[in-house]
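A quick write-up on the structure given underneath.
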Amino acid sequence: MKRILVAVGLLTALTACSSSSEVAPTETIAAESSVVDAAAVIEISVIVGENSGPDRTETVALGSTVRISLLNSASEDDFHLHGYDVASGEVPAGEEAVIEFVADAAGEFELESHVTGEVLLVITVQ
Ligand SMILES: [Cu+2]
């Protein structure tokens with residue numbers, strides 16, 4: 001009879017253990033929200049001559065959507081992101097251009113002006 005009682009005790013302990021797994025949904029929510037973070041749009045603003053140059057680097061997470069707004073207030077420009085090969089086309093002086101892409105390839109990518117040949121920004125995807 002004592003053995004049966006021990007077995008019941010064990011069952012109770014197991015039940016208590018599995019009921020503590022009610023915490024699991026919280027973990028699921030945490031995992032979901034970190035996925036949302038990775039999918040969030042990363043906004044980068046580049047103003048030519050102000051915060052642009054080969055020394056400017058931005059690091060983004062692999063898989064994120066990146067939106068780069070570009071402005072050259074002094075002269076017309078033509079922006080190009082190497083590797084991903086997305087370009088703005090010709091942009092009149094003072095008009096903002098937006099380049100948007102999904103960072104699905106890792107590496108270092110130069111964003112340059114096809115008018116001046118200058119590197120405006122280096123994006124690291126990792
Ligand atoms: Cu180019």
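By order of appearance in the structure tokens: chains A, B, ..., then residues from 1 within every chain, and ligands from 1 in the order shown.
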
Could I get the residue neighbourhood of ligand 1 at 7 Å, counting only C-alpha atoms and all ligand atoms, as a tab-separated table (two decimals) with C-alpha atoms, in the first residue's frame?
```tsv
chain	number	residue	atom	x	y	z
A	80	HIS	CA	23.29	52.70	-56.42
A	81	LEU	CA	23.67	49.96	-53.84
A	82	HIS	CA	26.24	47.46	-55.03
A	112	GLU	CA	27.55	55.05	-54.07
A	113	SER	CA	26.73	57.99	-56.24
A	114	HIS	CA	26.93	57.24	-59.91
```

Selection: 12 Å around Arg56 (chain A), only C-alpha atoms, excl. self and same-chain fewer than 5 positions, as a PDB file with C-alpha atoms, in the first residue's frame:
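Done, and the output landed in selection_34.pdb:
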```pdb
ATOM      1  CA  ILE A  44      18.648  54.952 -42.722  1.00  0.00           C
ATOM      2  CA  SER A  45      18.928  58.551 -43.805  1.00  0.00           C
ATOM      3  CA  VAL A  46      21.819  59.747 -45.941  1.00  0.00           C
ATOM      4  CA  ILE A  47      22.330  63.393 -46.762  1.00  0.00           C
ATOM      5  CA  VAL A  48      25.124  63.785 -49.269  1.00  0.00           C
ATOM      6  CA  GLY A  49      27.923  65.962 -47.942  1.00  0.00           C
ATOM      7  CA  GLU A  50      26.479  65.928 -44.428  1.00  0.00           C
ATOM      8  CA  ASN A  51      26.508  62.387 -43.110  1.00  0.00           C
ATOM      9  CA  PHE A 109      27.819  46.593 -49.588  1.00  0.00           C
ATOM     10  CA  GLU A 110      28.714  50.017 -50.863  1.00  0.00           C
ATOM     11  CA  LEU A 111      26.129  52.608 -51.609  1.00  0.00           C
ATOM     12  CA  GLU A 112      27.553  55.048 -54.074  1.00  0.00           C
ATOM     13  CA  VAL A 119      30.930  55.917 -51.673  1.00  0.00           C
ATOM     14  CA  LEU A 120      28.203  57.412 -49.465  1.00  0.00           C
ATOM     15  CA  LEU A 121      27.604  54.559 -47.065  1.00  0.00           C
ATOM     16  CA  VAL A 122      28.782  51.032 -46.386  1.00  0.00           C
ATOM     17  CA  ILE A 123      26.116  48.609 -45.222  1.00  0.00           C
ATOM     18  CA  THR A 124      27.132  45.484 -43.365  1.00  0.00           C
TER      19      THR A 124
END
```

**Message:** Neighbouring residues of region 65-77 of chain A were defined as those with any atom within 8 Å, considering only C-alpha atoms; residues of the same chain fewer than 2 positions away were excluded. Please report them as a PyMOL selection string.
**Reply:** chain A and resi 39-49+60+63+79+90-103+113-115

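The space separating CA of Tyr84 (chain A) from CA of Val125 (chain A) comes to 11.2 Å.
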
**Request:** Taking the chain letters and numbering used in this document, name the residues of region 46-80 of chain A that DSSP puts in strand (DSSP E), as a PyMOL selection string.
**Result:** chain A and resi 46-47+57-60+65-71+77-80

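The spacing separating CA of Asp104 (chain A) from CA of Gly117 (chain A) amounts to 25.3 Å.
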
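Atom pair CA of Val86 (chain A) / CA of Asp55 (chain A) has a distance of 20.8 Å (rounded to one decimal).
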